[in-house]
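Here's input_16.cif, which has mmCIF, C-alpha atoms:
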data_query
loop_
_atom_site.label_atom_id
_atom_site.label_comp_id
_atom_site.auth_asym_id
_atom_site.auth_seq_id
_atom_site.Cartn_x
_atom_site.Cartn_y
_atom_site.Cartn_z
CA MET A 1 24.65 21.88 22.55
CA ALA A 2 25.65 19.21 25.06
CA ARG A 3 27.35 16.11 23.73
CA PRO A 4 24.66 13.94 22.12
CA ASP A 5 24.04 10.33 23.02
CA LEU A 6 23.00 9.64 19.44
CA THR A 7 23.67 11.12 16.02
CA VAL A 8 21.23 10.48 13.18
CA ARG A 9 22.19 11.27 9.61
CA GLY A 10 19.18 12.08 7.45
CA ALA A 11 16.02 14.05 8.26
CA GLY A 12 13.56 11.86 6.38
CA ILE A 13 10.85 9.72 7.94
CA PHE A 14 13.17 7.00 9.31
CA GLY A 15 15.79 9.41 10.64
CA LEU A 16 13.35 11.75 12.36
CA SER A 17 11.21 8.94 13.78
CA ILE A 18 14.24 7.27 15.32
CA ALA A 19 15.49 10.60 16.68
CA TRP A 20 12.08 11.28 18.24
CA GLU A 21 11.93 7.85 19.87
CA ALA A 22 15.45 8.27 21.24
CA ALA A 23 14.71 11.78 22.54
CA ARG A 24 11.48 10.52 24.11
CA ARG A 25 13.58 7.99 26.03
CA GLY A 26 15.83 10.75 27.34
CA ALA A 27 18.73 10.58 24.89
CA ARG A 28 20.44 13.73 23.69
CA VAL A 29 19.96 13.62 19.94
CA ARG A 30 21.55 15.34 16.99
CA VAL A 31 20.11 15.00 13.47
CA ILE A 32 22.43 15.94 10.62
CA GLU A 33 20.78 16.94 7.35
CA THR A 34 22.90 18.27 4.49
CA ALA A 35 19.98 19.63 2.43
CA ARG A 36 16.62 20.15 4.17
CA ILE A 37 14.05 18.19 6.15
CA GLY A 38 12.29 15.82 3.78
CA ALA A 39 14.70 16.50 0.93
CA GLY A 40 14.32 12.94 -0.37
CA SER A 41 11.28 10.78 -0.97
CA SER A 42 9.89 11.49 2.52
CA GLY A 43 9.02 14.96 1.29
CA GLY A 44 6.53 13.60 -1.24
CA LEU A 45 2.76 13.91 -1.40
CA VAL A 46 0.89 10.61 -1.13
CA GLY A 47 0.96 9.48 2.52
CA ALA A 48 -0.77 6.10 2.17
CA LEU A 49 -0.23 3.94 5.26
CA ALA A 50 -1.63 0.72 3.84
CA PRO A 51 -1.11 -2.92 4.85
CA HIS A 52 0.09 -5.84 2.79
CA VAL A 53 -2.65 -8.32 2.04
CA PRO A 54 -3.34 -10.76 4.88
CA GLY A 55 -2.14 -14.26 4.09
CA GLN A 56 1.22 -15.86 3.26
CA TRP A 57 2.37 -14.36 6.56
CA ASN A 58 6.03 -13.47 7.09
CA ASP A 59 8.30 -11.32 9.24
CA LYS A 60 7.86 -8.26 7.03
CA LYS A 61 4.05 -8.39 7.15
CA ALA A 62 4.03 -8.98 10.91
CA PHE A 63 6.42 -6.06 11.45
CA GLN A 64 4.28 -3.79 9.30
CA LEU A 65 1.10 -4.83 11.11
CA ASP A 66 2.65 -3.99 14.47
CA SER A 67 3.74 -0.61 13.12
CA LEU A 68 0.35 0.27 11.65
CA LEU A 69 -1.34 -0.65 14.93
CA MET A 70 1.17 1.54 16.79
CA ALA A 71 0.69 4.49 14.46
CA GLU A 72 -2.24 6.27 16.09
CA ALA A 73 -0.55 6.50 19.50
CA PHE A 74 2.83 7.28 17.90
CA TRP A 75 1.56 10.25 15.90
CA ALA A 76 -0.63 11.50 18.74
CA ALA A 77 2.47 11.69 20.95
CA VAL A 78 4.49 13.42 18.22
CA ASP A 79 1.77 16.00 17.62
CA ALA A 80 1.36 16.60 21.34
CA GLY A 81 5.11 17.13 21.61
CA SER A 82 5.28 19.62 18.76
CA GLY A 83 1.90 21.32 18.97
CA LEU A 84 1.52 20.65 15.23
CA ALA A 85 -0.68 18.31 13.22
CA SER A 86 0.77 15.40 11.24
CA GLY A 87 -2.46 14.75 9.34
CA TYR A 88 -2.72 11.17 10.59
CA ALA A 89 -6.16 9.54 10.42
CA ARG A 90 -7.13 5.88 10.17
CA THR A 91 -9.80 6.21 7.50
CA GLY A 92 -9.54 2.80 5.80
CA ARG A 93 -9.29 1.86 2.14
CA LEU A 94 -11.47 0.59 -0.72
CA GLN A 95 -10.31 -1.59 -3.63
CA PRO A 96 -12.43 -2.76 -6.59
CA LEU A 97 -12.56 -6.47 -7.42
CA ALA A 98 -12.20 -7.31 -11.10
CA ASP A 99 -13.83 -10.75 -11.34
CA GLU A 100 -15.41 -13.53 -9.33
CA ARG A 101 -12.05 -15.17 -8.71
CA ALA A 102 -10.83 -11.95 -7.10
CA VAL A 103 -13.99 -11.81 -4.98
CA ALA A 104 -13.42 -15.36 -3.71
CA ALA A 105 -9.75 -14.62 -2.94
CA ALA A 106 -10.68 -11.43 -1.09
CA ARG A 107 -13.21 -13.28 1.06
CA ALA A 108 -10.58 -15.90 1.94
CA ARG A 109 -8.16 -13.13 2.90
CA GLY A 110 -10.84 -11.62 5.09
CA ALA A 111 -11.00 -14.85 7.08
CA GLU A 112 -7.21 -14.79 7.45
CA ALA A 113 -7.29 -11.15 8.55
CA ASP A 114 -9.75 -12.06 11.31
CA ILE A 115 -6.92 -14.11 12.84
CA LEU A 116 -3.74 -12.33 11.73
CA TRP A 117 -4.94 -8.80 12.48
CA GLN A 118 -5.81 -9.77 16.06
CA GLY A 119 -9.36 -8.44 15.88
CA ARG A 120 -8.04 -4.88 15.70
CA ALA A 121 -8.97 -4.29 12.06
CA VAL A 122 -11.01 -6.02 9.38
CA TRP A 123 -10.64 -6.90 5.70
CA GLN A 124 -14.09 -7.45 4.25
CA VAL A 125 -15.89 -7.68 0.91
CA VAL A 126 -18.66 -5.08 0.67
CA PRO A 127 -21.11 -4.06 -2.09
CA ALA A 128 -19.94 -1.10 -4.15
CA ALA A 129 -23.38 0.46 -3.98
CA GLY A 130 -23.07 0.87 -0.22
CA ALA A 131 -19.73 2.67 -0.18
CA GLY A 132 -21.08 6.20 0.25
CA GLY A 133 -20.70 7.70 -3.24
CA TRP A 134 -16.90 7.80 -3.23
CA GLN A 135 -16.50 4.23 -4.42
CA PRO A 136 -14.57 3.41 -7.61
CA ASP A 137 -16.19 1.52 -10.45
CA SER A 138 -16.08 -2.24 -9.80
CA PRO A 139 -16.79 -4.76 -12.58
CA THR A 140 -18.16 -7.24 -10.04
CA GLY A 141 -20.11 -4.76 -7.94
CA TRP A 142 -17.90 -5.67 -4.95
CA LEU A 143 -15.09 -3.88 -3.12
CA VAL A 144 -12.54 -4.79 -0.49
CA HIS A 145 -12.84 -2.52 2.53
CA ASP A 146 -10.06 -2.65 5.12
CA THR A 147 -10.10 -0.63 8.32
CA LEU A 148 -6.35 -0.80 8.95
CA SER A 149 -5.22 1.65 6.24
CA ALA A 150 -4.53 5.21 7.33
CA ARG A 151 -3.39 8.46 5.80
CA ILE A 152 -0.76 10.98 6.78
CA ASN A 153 0.38 14.28 5.33
CA PRO A 154 4.07 13.55 4.68
CA ARG A 155 5.42 17.08 4.96
CA ALA A 156 3.24 18.01 7.93
CA ALA A 157 4.32 14.79 9.64
CA LEU A 158 8.01 15.61 9.18
CA SER A 159 7.43 19.13 10.51
CA SER A 160 5.66 17.71 13.54
CA LEU A 161 8.49 15.25 14.18
CA ALA A 162 11.10 17.99 13.87
CA GLY A 163 9.19 20.21 16.27
CA ALA A 164 8.77 17.41 18.80
CA ILE A 165 12.49 16.56 18.64
CA ARG A 166 13.50 20.17 19.20
CA ALA A 167 10.98 20.50 22.05
CA ARG A 168 12.85 17.62 23.73
CA GLY A 169 16.17 19.45 23.34
CA GLY A 170 17.30 17.73 20.16
CA ASP A 171 19.21 19.51 17.42
CA ILE A 172 18.58 19.33 13.67
CA GLY A 173 21.10 21.00 11.42
CA PRO A 174 23.95 20.75 8.93
CA ASP A 175 27.11 18.73 9.37
CA ASP A 176 29.64 20.83 11.28
CA GLY A 177 32.08 17.97 11.79
CA ASP A 178 31.12 17.39 15.41
CA VAL A 179 29.78 13.84 15.21
CA ARG A 180 29.86 11.92 18.47
CA GLY A 181 28.28 8.80 19.89
CA PRO A 182 26.63 6.06 17.85
CA VAL A 183 25.61 7.11 14.34
CA ILE A 184 22.51 5.93 12.50
CA TRP A 185 22.60 6.39 8.74
CA ALA A 186 19.08 7.05 7.44
CA THR A 187 20.16 8.66 4.18
CA GLY A 188 17.87 7.09 1.59
CA THR A 189 19.06 6.35 -1.92
CA ALA A 190 22.45 7.96 -1.35
CA GLY A 191 22.89 5.76 1.70
CA LEU A 192 22.11 2.60 -0.27
CA GLU A 193 24.68 3.63 -2.85
CA ALA A 194 27.28 4.29 -0.13
CA LEU A 195 26.61 0.92 1.53
CA SER A 196 26.84 -0.88 -1.82
CA ALA A 197 30.20 0.74 -2.54
CA ASP A 198 31.48 0.01 0.97
CA GLN A 199 30.47 -3.66 0.84
CA GLY A 200 31.41 -4.25 -2.80
CA ARG A 201 28.00 -5.61 -3.77
CA PRO A 202 24.57 -4.09 -4.45
CA ALA A 203 22.38 -3.44 -1.43
CA GLY A 204 19.61 -1.69 -3.34
CA GLY A 205 19.01 1.58 -5.12
CA GLY A 206 16.56 4.28 -6.04
CA VAL A 207 13.24 3.79 -7.80
CA LYS A 208 11.68 6.92 -9.23
CA GLY A 209 8.12 7.80 -8.30
CA GLN A 210 5.82 10.57 -9.48
CA ALA A 211 2.73 11.90 -7.70
CA ALA A 212 0.27 14.79 -7.79
CA LEU A 213 -1.87 16.78 -5.39
CA LEU A 214 -5.41 17.70 -6.47
CA ALA A 215 -7.80 20.32 -5.14
CA HIS A 216 -10.78 18.28 -3.97
CA ASP A 217 -12.21 17.88 -0.47
CA ALA A 218 -12.90 14.22 0.27
CA SER A 219 -11.47 14.30 3.78
CA ALA A 220 -14.24 12.14 5.27
CA HIS A 221 -13.71 9.35 2.75
CA PRO A 222 -11.37 6.33 2.72
CA GLN A 223 -8.41 6.08 0.39
CA LEU A 224 -8.71 4.08 -2.82
CA LEU A 225 -6.38 1.54 -4.42
CA ILE A 226 -7.21 0.90 -8.07
CA ASP A 227 -4.82 -1.29 -10.12
CA GLY A 228 -1.83 0.02 -8.17
CA LEU A 229 -2.98 3.66 -8.21
CA HIS A 230 -3.29 5.22 -4.74
CA ILE A 231 -5.90 7.95 -4.27
CA VAL A 232 -5.55 9.42 -0.78
CA PRO A 233 -7.88 12.15 0.56
CA HIS A 234 -6.18 14.35 3.12
CA GLY A 235 -7.72 16.39 5.90
CA ASN A 236 -6.83 19.74 4.34
CA GLY A 237 -9.14 19.55 1.33
CA THR A 238 -6.70 17.91 -1.05
CA VAL A 239 -6.37 14.48 -2.63
CA ALA A 240 -2.98 12.94 -3.38
CA ILE A 241 -2.54 10.45 -6.20
CA GLY A 242 0.44 8.26 -7.05
CA SER A 243 2.68 6.80 -7.81
CA THR A 244 4.77 5.49 -10.65
CA SER A 245 7.59 2.97 -10.14
CA GLU A 246 10.37 3.68 -12.61
CA ARG A 247 13.68 1.83 -12.77
CA THR A 248 15.06 4.04 -15.57
CA TRP A 249 14.79 7.79 -16.00
CA SER A 250 16.61 10.78 -17.45
CA ASP A 251 15.88 13.17 -14.56
CA PRO A 252 15.06 11.79 -11.10
CA VAL A 253 13.11 14.87 -9.98
CA ALA A 254 11.28 15.83 -13.18
CA THR A 255 7.64 14.99 -13.85
CA ASP A 256 6.50 13.91 -17.29
CA ASP A 257 3.75 12.19 -19.28
CA ARG A 258 3.72 9.21 -16.92
CA LEU A 259 2.31 11.44 -14.20
CA GLU A 260 -0.19 13.00 -16.57
CA ALA A 261 -1.41 9.48 -17.35
CA LEU A 262 -1.92 8.85 -13.61
CA ILE A 263 -3.94 12.04 -13.28
CA ARG A 264 -6.18 10.96 -16.17
CA ARG A 265 -6.56 7.48 -14.66
CA ALA A 266 -7.61 8.96 -11.33
CA GLY A 267 -10.31 11.06 -13.00
CA ALA A 268 -11.60 8.08 -14.97
CA ALA A 269 -11.61 5.75 -11.95
CA CYS A 270 -13.12 8.29 -9.56
CA PRO A 271 -15.37 10.76 -11.45
CA ALA A 272 -15.37 13.16 -8.49
CA LEU A 273 -11.75 13.95 -9.38
CA ALA A 274 -12.32 14.57 -13.07
CA GLY A 275 -11.30 18.14 -13.81
CA ALA A 276 -9.92 18.81 -10.31
CA ALA A 277 -7.16 21.42 -10.33
CA VAL A 278 -3.64 20.06 -9.97
CA LEU A 279 -2.01 21.94 -7.10
CA GLU A 280 1.41 20.29 -7.30
CA ARG A 281 3.36 17.68 -9.20
CA TRP A 282 6.22 15.80 -7.52
CA ALA A 283 8.94 13.35 -8.51
CA GLY A 284 11.78 11.78 -6.56
CA LEU A 285 13.77 8.64 -5.82
CA ARG A 286 12.55 6.18 -3.19
CA PRO A 287 15.16 3.93 -1.54
CA ARG A 288 14.47 0.27 -2.35
CA ALA A 289 16.62 -2.34 -0.60
CA ALA A 290 17.40 -5.56 -2.43
CA THR A 291 14.76 -7.45 -0.43
CA ARG A 292 12.13 -4.68 -0.79
CA ALA A 293 11.94 -4.66 3.03
CA PRO A 294 13.43 -2.00 5.31
CA MET A 295 17.12 -2.55 6.03
CA LEU A 296 17.89 -2.22 9.74
CA GLY A 297 20.87 -2.94 11.97
CA ALA A 298 24.61 -2.47 12.34
CA TRP A 299 26.72 -1.28 9.41
CA PRO A 300 28.97 -4.29 8.69
CA GLY A 301 32.57 -3.55 9.63
CA ARG A 302 31.89 -0.12 11.16
CA ASP A 303 31.78 -0.17 14.93
CA GLY A 304 29.19 2.15 16.42
CA GLN A 305 27.48 2.84 13.08
CA PHE A 306 24.02 1.64 12.09
CA ILE A 307 21.65 1.68 9.11
CA ALA A 308 17.94 2.43 8.81
CA ASN A 309 17.06 2.51 5.14
CA GLY A 310 14.96 0.97 2.37
CA GLY A 311 11.55 2.37 3.29
CA PHE A 312 10.59 2.43 -0.41
CA LYS A 313 6.77 2.69 -0.55
CA THR A 314 6.11 1.75 3.08
CA GLY A 315 8.38 4.12 5.01
CA PHE A 316 5.72 6.14 6.84
CA GLY A 317 3.76 3.01 7.71
CA MET A 318 6.83 1.20 9.01
CA ALA A 319 8.30 4.20 10.86
CA PRO A 320 6.80 3.74 14.36
CA LYS A 321 8.22 0.24 14.76
CA VAL A 322 11.46 1.05 12.93
CA ALA A 323 11.96 3.81 15.48
CA ARG A 324 11.31 1.43 18.37
CA VAL A 325 13.61 -1.39 17.28
CA MET A 326 16.45 0.95 16.28
CA ALA A 327 16.25 2.79 19.62
CA ASP A 328 16.23 -0.58 21.38
CA LEU A 329 19.33 -1.65 19.46
CA VAL A 330 21.40 1.50 19.73
CA LEU A 331 20.41 2.81 23.15
CA ASP A 332 19.68 -0.43 25.03
CA GLN A 333 21.75 -2.96 23.05
CA THR A 334 18.61 -5.07 22.64
CA ASP A 335 18.23 -6.57 19.17
CA ARG A 336 14.61 -7.16 18.15
CA ILE A 337 15.08 -6.83 14.39
CA PRO A 338 13.54 -9.80 12.54
CA PRO A 339 15.81 -11.70 10.10
CA ALA A 340 13.99 -10.49 6.96
CA LEU A 341 14.66 -6.84 7.87
CA ARG A 342 18.31 -7.14 8.84
CA VAL A 343 21.04 -5.40 6.85
CA GLU A 344 22.61 -8.76 6.03
CA ALA A 345 19.41 -9.88 4.26
CA SER A 346 19.97 -7.30 1.52
CA LEU A 347 23.70 -7.95 1.07
#
Take the structure in the file and give it back as structure tokens.
Amino acid sequence: MARPDLTVRGAGIFGLSIAWEAARRGARVRVIETARIGAGSSGGLVGALAPHVPGQWNDKKAFQLDSLLMAEAFWAAVDAGSGLASGYARTGRLQPLADERAVAAARARGAEADILWQGRAVWQVVPAAGAGGWQPDSPTGWLVHDTLSARINPRAALSSLAGAIRARGGDIGPDDGDVRGPVIWATGTAGLEALSADQGRPAGGGVKGQAALLAHDASAHPQLLIDGLHIVPHGNGTVAIGSTSERTWSDPVATDDRLEALIRRAGAACPALAGAAVLERWAGLRPRAATRAPMLGAWPGRDGQFIANGGFKTGFGMAPKVARVMADLVLDQTDRIPPALRVEASL
């Protein structure tokens, strides 16, 4: 392969998205992956691309909004480049409202969304009875419906990205020692641990999550968020549910009773899922930066090396804009990373 203009370490969602954006701009790209594509948390099951609540606006929420609004065009280009399907669809989301105070707060957030979301999506309070039979139980009879949330099939999306990168002449493979050009480290939990050791202070770490895939076709329906439980119908006749957030564990990739409790909760909250066959159970570590926001920018003290990490629960939703700002920084030397997402913010 010709000498690359950019080397990316890590074939998860951040690494592959950045590599695709760089290849799309004409860079020669090499992605180094020591295990397999999606070996970390990017190879999970859920695929919920969901916004933060409108209100109390900040750099992180604005960045995420931009990324979610970019997502449809981003994934359409990836899929066109690879000839594969990522499973992206902007199908919206429903959330039950527990009491009248929650209803009032949700209506106020809807008014804020009218402004903050630029008229390109809505956050509205709707009656549960009019939600098409897929709605969760709501003590108040009201739900939040937002039209910004989308779904993606994580593994299909990574395959589509990899195919699009290779179609542009990029290389994805193991480390053979031939690393040239700027290097972007998108290595998940291991990368956070390496940065912490290098800087002598904690930059973040892994948080275990567990999820499951159920056999039920609800592909025409929106995703649900019920007391932190994500229920995400995919286009292939499955429904993903998750996930736990565990700071302590004995085995980072083993499923246990915590996941079984989620499966029972999903069946109780959405009767259509009660008794659905469990096709797969998954567990893994998600990289959480100290600020809970993505960590982007130059690696302190290492010339020509950069970091894209800390996707945690929002990696797929943040990926289109992460790819853009990292390509701007590394290829064009243009820094558009907001202060809250800079590497220094987590150190």
Applying the PyMOL selection byres ((chain A and resi 162) around 12) to the file I just gave you, which residues come out? Please list them as a compact mmCIF listing (two decimals) with C-alpha atoms, in the frame of the given file.
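Once everything was written out, this is expr_9.txt:
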# COMPACT_ATOMS: atom_id res chain seq x y z
CA GLY A 10 19.18 12.08 7.45
CA ALA A 11 16.02 14.05 8.26
CA GLY A 12 13.56 11.86 6.38
CA ILE A 13 10.85 9.72 7.94
CA GLY A 15 15.79 9.41 10.64
CA LEU A 16 13.35 11.75 12.36
CA SER A 17 11.21 8.94 13.78
CA ILE A 18 14.24 7.27 15.32
CA ALA A 19 15.49 10.60 16.68
CA TRP A 20 12.08 11.28 18.24
CA GLU A 21 11.93 7.85 19.87
CA ALA A 23 14.71 11.78 22.54
CA VAL A 29 19.96 13.62 19.94
CA ARG A 30 21.55 15.34 16.99
CA VAL A 31 20.11 15.00 13.47
CA ILE A 32 22.43 15.94 10.62
CA GLU A 33 20.78 16.94 7.35
CA ARG A 36 16.62 20.15 4.17
CA ILE A 37 14.05 18.19 6.15
CA GLY A 38 12.29 15.82 3.78
CA VAL A 78 4.49 13.42 18.22
CA ASP A 79 1.77 16.00 17.62
CA GLY A 81 5.11 17.13 21.61
CA SER A 82 5.28 19.62 18.76
CA GLY A 83 1.90 21.32 18.97
CA LEU A 84 1.52 20.65 15.23
CA ALA A 85 -0.68 18.31 13.22
CA SER A 86 0.77 15.40 11.24
CA ARG A 155 5.42 17.08 4.96
CA ALA A 156 3.24 18.01 7.93
CA ALA A 157 4.32 14.79 9.64
CA LEU A 158 8.01 15.61 9.18
CA SER A 159 7.43 19.13 10.51
CA SER A 160 5.66 17.71 13.54
CA LEU A 161 8.49 15.25 14.18
CA GLY A 163 9.19 20.21 16.27
CA ALA A 164 8.77 17.41 18.80
CA ILE A 165 12.49 16.56 18.64
CA ARG A 166 13.50 20.17 19.20
CA ALA A 167 10.98 20.50 22.05
CA ARG A 168 12.85 17.62 23.73
CA GLY A 169 16.17 19.45 23.34
CA GLY A 170 17.30 17.73 20.16
CA ASP A 171 19.21 19.51 17.42
CA ILE A 172 18.58 19.33 13.67
CA GLY A 173 21.10 21.00 11.42
- Item | Atom pair CA of Arg9 (chain A) / CA of Trp185 (chain A): separation (Å) | 5.0 Å
- Message: Please return as a ChimeraX atom specification every residue within 12 Å of (9.3, 3.4, 17.4), taking into account all atoms listed in the file and the file's own coordinates.
- Response: /A:13-25,63-64,66-75,77-78,316-329,336
Take the selection from the previous step and output its residues with C-alpha atoms, as a CSV table (one decimal), keeping the file's coordinate frame.
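Contents of out-v6.csv, as written:
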chain,number,residue,atom,x,y,z
A,13,ILE,CA,10.8,9.7,7.9
A,14,PHE,CA,13.2,7.0,9.3
A,15,GLY,CA,15.8,9.4,10.6
A,16,LEU,CA,13.4,11.8,12.4
A,17,SER,CA,11.2,8.9,13.8
A,18,ILE,CA,14.2,7.3,15.3
A,19,ALA,CA,15.5,10.6,16.7
A,20,TRP,CA,12.1,11.3,18.2
A,21,GLU,CA,11.9,7.8,19.9
A,22,ALA,CA,15.4,8.3,21.2
A,23,ALA,CA,14.7,11.8,22.5
A,24,ARG,CA,11.5,10.5,24.1
A,25,ARG,CA,13.6,8.0,26.0
A,63,PHE,CA,6.4,-6.1,11.4
A,64,GLN,CA,4.3,-3.8,9.3
A,66,ASP,CA,2.6,-4.0,14.5
A,67,SER,CA,3.7,-0.6,13.1
A,68,LEU,CA,0.4,0.3,11.6
A,69,LEU,CA,-1.3,-0.6,14.9
A,70,MET,CA,1.2,1.5,16.8
A,71,ALA,CA,0.7,4.5,14.5
A,72,GLU,CA,-2.2,6.3,16.1
A,73,ALA,CA,-0.6,6.5,19.5
A,74,PHE,CA,2.8,7.3,17.9
A,75,TRP,CA,1.6,10.2,15.9
A,77,ALA,CA,2.5,11.7,21.0
A,78,VAL,CA,4.5,13.4,18.2
A,316,PHE,CA,5.7,6.1,6.8
A,317,GLY,CA,3.8,3.0,7.7
A,318,MET,CA,6.8,1.2,9.0
A,319,ALA,CA,8.3,4.2,10.9
A,320,PRO,CA,6.8,3.7,14.4
A,321,LYS,CA,8.2,0.2,14.8
A,322,VAL,CA,11.5,1.0,12.9
A,323,ALA,CA,12.0,3.8,15.5
A,324,ARG,CA,11.3,1.4,18.4
A,325,VAL,CA,13.6,-1.4,17.3
A,326,MET,CA,16.4,1.0,16.3
A,327,ALA,CA,16.2,2.8,19.6
A,328,ASP,CA,16.2,-0.6,21.4
A,329,LEU,CA,19.3,-1.6,19.5
A,336,ARG,CA,14.6,-7.2,18.2
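Ranking A:Val103, A:Ile115, A:Leu94, A:Ala39 by their shortest atom-to-atom distance to Arg286 (chain A), with only C-alpha atoms included, puts A:Ala39 first.
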Dump as JSON lines the rows for residues of region 180-293 of chain A within 10 Å of region 133-143 of chain A: closest atom pair and distance in Å with one decimal, only C-alpha atoms counted, ordered by chain and rising residue number.
{"residue": "A:Ala218", "atom": "CA", "partner": "A:Trp134", "partner_atom": "CA", "distance": 8.3}
{"residue": "A:Ala220", "atom": "CA", "partner": "A:Trp134", "partner_atom": "CA", "distance": 9.9}
{"residue": "A:His221", "atom": "CA", "partner": "A:Trp134", "partner_atom": "CA", "distance": 7.0}
{"residue": "A:Pro222", "atom": "CA", "partner": "A:Trp134", "partner_atom": "CA", "distance": 8.3}
{"residue": "A:Gln223", "atom": "CA", "partner": "A:Trp134", "partner_atom": "CA", "distance": 9.4}
{"residue": "A:Leu224", "atom": "CA", "partner": "A:Pro136", "partner_atom": "CA", "distance": 7.6}
{"residue": "A:Leu225", "atom": "CA", "partner": "A:Pro136", "partner_atom": "CA", "distance": 9.0}
{"residue": "A:Ile226", "atom": "CA", "partner": "A:Pro136", "partner_atom": "CA", "distance": 7.8}
{"residue": "A:Ala266", "atom": "CA", "partner": "A:Pro136", "partner_atom": "CA", "distance": 9.6}
{"residue": "A:Ala268", "atom": "CA", "partner": "A:Asp137", "partner_atom": "CA", "distance": 9.2}
{"residue": "A:Ala269", "atom": "CA", "partner": "A:Pro136", "partner_atom": "CA", "distance": 5.8}
{"residue": "A:Cys270", "atom": "CA", "partner": "A:Pro136", "partner_atom": "CA", "distance": 5.5}
{"residue": "A:Pro271", "atom": "CA", "partner": "A:Pro136", "partner_atom": "CA", "distance": 8.3}
{"residue": "A:Ala272", "atom": "CA", "partner": "A:Trp134", "partner_atom": "CA", "distance": 7.7}
Output file for the selection above: C-alpha atoms, as a PDB file, keeping the file's coordinate frame:
ATOM      1  CA  ALA A 218     -12.900  14.220   0.270  1.00  0.00           C
ATOM      2  CA  ALA A 220     -14.240  12.140   5.270  1.00  0.00           C
ATOM      3  CA  HIS A 221     -13.710   9.350   2.750  1.00  0.00           C
ATOM      4  CA  PRO A 222     -11.370   6.330   2.720  1.00  0.00           C
ATOM      5  CA  GLN A 223      -8.410   6.080   0.390  1.00  0.00           C
ATOM      6  CA  LEU A 224      -8.710   4.080  -2.820  1.00  0.00           C
ATOM      7  CA  LEU A 225      -6.380   1.540  -4.420  1.00  0.00           C
ATOM      8  CA  ILE A 226      -7.210   0.900  -8.070  1.00  0.00           C
ATOM      9  CA  ALA A 266      -7.610   8.960 -11.330  1.00  0.00           C
ATOM     10  CA  ALA A 268     -11.600   8.080 -14.970  1.00  0.00           C
ATOM     11  CA  ALA A 269     -11.610   5.750 -11.950  1.00  0.00           C
ATOM     12  CA  CYS A 270     -13.120   8.290  -9.560  1.00  0.00           C
ATOM     13  CA  PRO A 271     -15.370  10.760 -11.450  1.00  0.00           C
ATOM     14  CA  ALA A 272     -15.370  13.160  -8.490  1.00  0.00           C
TER      15      ALA A 272
END
- Which value, in Å to one decimal, gives the distance between CA of Lys208 (chain A) and CA of Ala150 (chain A)?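 Separation between CA of Lys208 (chain A) and CA of Ala150 (chain A): 23.2 Å.
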- Could you give me, as a list in words, the residues within 6 Å of Val144 (chain A), counting all atoms listed in the file and dropping anything in the same chain fewer than 2 positions from it?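 Answer for this query is Leu94, Gln95, Gln124 and Val125 of chain A.
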- What does the PyMOL selection byres ((chain A and resi 52) around 9) select in this file, as a PyMOL selection string? chain A and resi 50-51+53-55+61+64-65
- Within 9 Å of region 299-312 of chain A, counting only C-alpha atoms, which residues show up once you throw out same-chain ones fewer than 5 positions away? Write them as an MDAnalysis selection string, please. chainID A and resid 13:15 18 41 181:189 191:192 195 199 204:207 285:294 317:319 322 326 330 343:344
- Task: Apply the PyMOL selection byres ((chain A and resi 117) around 10) to the file shown and report the selected residues as a count of residues only.
- Result: 18
- Query: So how far away is CA of Gly284 (chain A) from CA of Lys60 (chain A), in Å?
  - Reply: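 Taking CA of Lys60 (chain A) and CA of Gly284 (chain A), their separation equals 24.5 Å.
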Quick one: which region 103-170 of chain A residues come within 8 Å of region 228-238 of chain A, and what is the nearest atom pair for each with the distance in Å to one decimal, counting all atoms listed in the file, rows ordered by chain and ascending number, as a Markdown table?
| residue | atom | partner | partner_atom | distance |
| --- | --- | --- | --- | --- |
| A:Arg151 | CA | A:Val232 | CA | 7.0 |
| A:Ile152 | CA | A:His234 | CA | 7.4 |
| A:Asn153 | CA | A:His234 | CA | 6.9 |
Can I get the selection written as an mmCIF file, in the coordinates of the input, with C-alpha atoms?
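Output file out-v8.cif is given in full below:
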data_model
loop_
_atom_site.group_PDB
_atom_site.id
_atom_site.type_symbol
_atom_site.label_atom_id
_atom_site.label_comp_id
_atom_site.auth_asym_id
_atom_site.auth_seq_id
_atom_site.Cartn_x
_atom_site.Cartn_y
_atom_site.Cartn_z
ATOM 1 C CA ARG A 151 -3.390 8.460 5.800
ATOM 2 C CA ILE A 152 -0.760 10.980 6.780
ATOM 3 C CA ASN A 153 0.380 14.280 5.330
#
- Query: So, counting all atoms listed in the file, which residue among A:Asp146, A:Asp198, A:Asp335, A:Glu260 is closest to Leu347 (chain A)?
  - Reply: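 Using all atoms listed in the file, Leu347 (chain A) sits closest to A:Asp198.
Using all atoms listed in the file, the nearest neighbour of Ala298 (chain A) within the list A:Arg342, A:Arg28, A:Arg101, A:Arg247 is A:Arg342.
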What residues have an atom no more than 8 Å from (-10.2, 6.6, 10.4) in the file's own frame, counting all atoms listed in the file, and can you write them as a PDB file with C-alpha atoms, in the coordinates of the input?
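As written to disk, result_14.pdb reads:
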ATOM      1  CA  ALA A  89      -6.160   9.540  10.420  1.00  0.00           C
ATOM      2  CA  ARG A  90      -7.130   5.880  10.170  1.00  0.00           C
ATOM      3  CA  THR A  91      -9.800   6.210   7.500  1.00  0.00           C
ATOM      4  CA  GLY A  92      -9.540   2.800   5.800  1.00  0.00           C
ATOM      5  CA  THR A 147     -10.100  -0.630   8.320  1.00  0.00           C
ATOM      6  CA  ALA A 150      -4.530   5.210   7.330  1.00  0.00           C
ATOM      7  CA  PRO A 222     -11.370   6.330   2.720  1.00  0.00           C
TER       8      PRO A 222
END
Report the closest atom pair, with its distance in Å rounded to one decimal, for each residue of region 182-270 of chain A that has an atom no farther than 7 Å from region 42-49 of chain A; count only C-alpha atoms, sort by chain and then rising residue number, and write it as JSON lines.
{"residue": "A:Ala211", "atom": "CA", "partner": "A:Leu45", "partner_atom": "CA", "distance": 6.6}
{"residue": "A:Ala212", "atom": "CA", "partner": "A:Leu45", "partner_atom": "CA", "distance": 6.9}
{"residue": "A:Leu213", "atom": "CA", "partner": "A:Leu45", "partner_atom": "CA", "distance": 6.8}
{"residue": "A:Val232", "atom": "CA", "partner": "A:Ala48", "partner_atom": "CA", "distance": 6.5}
{"residue": "A:Ala240", "atom": "CA", "partner": "A:Val46", "partner_atom": "CA", "distance": 5.0}
{"residue": "A:Ile241", "atom": "CA", "partner": "A:Val46", "partner_atom": "CA", "distance": 6.1}
{"residue": "A:Gly242", "atom": "CA", "partner": "A:Val46", "partner_atom": "CA", "distance": 6.4}
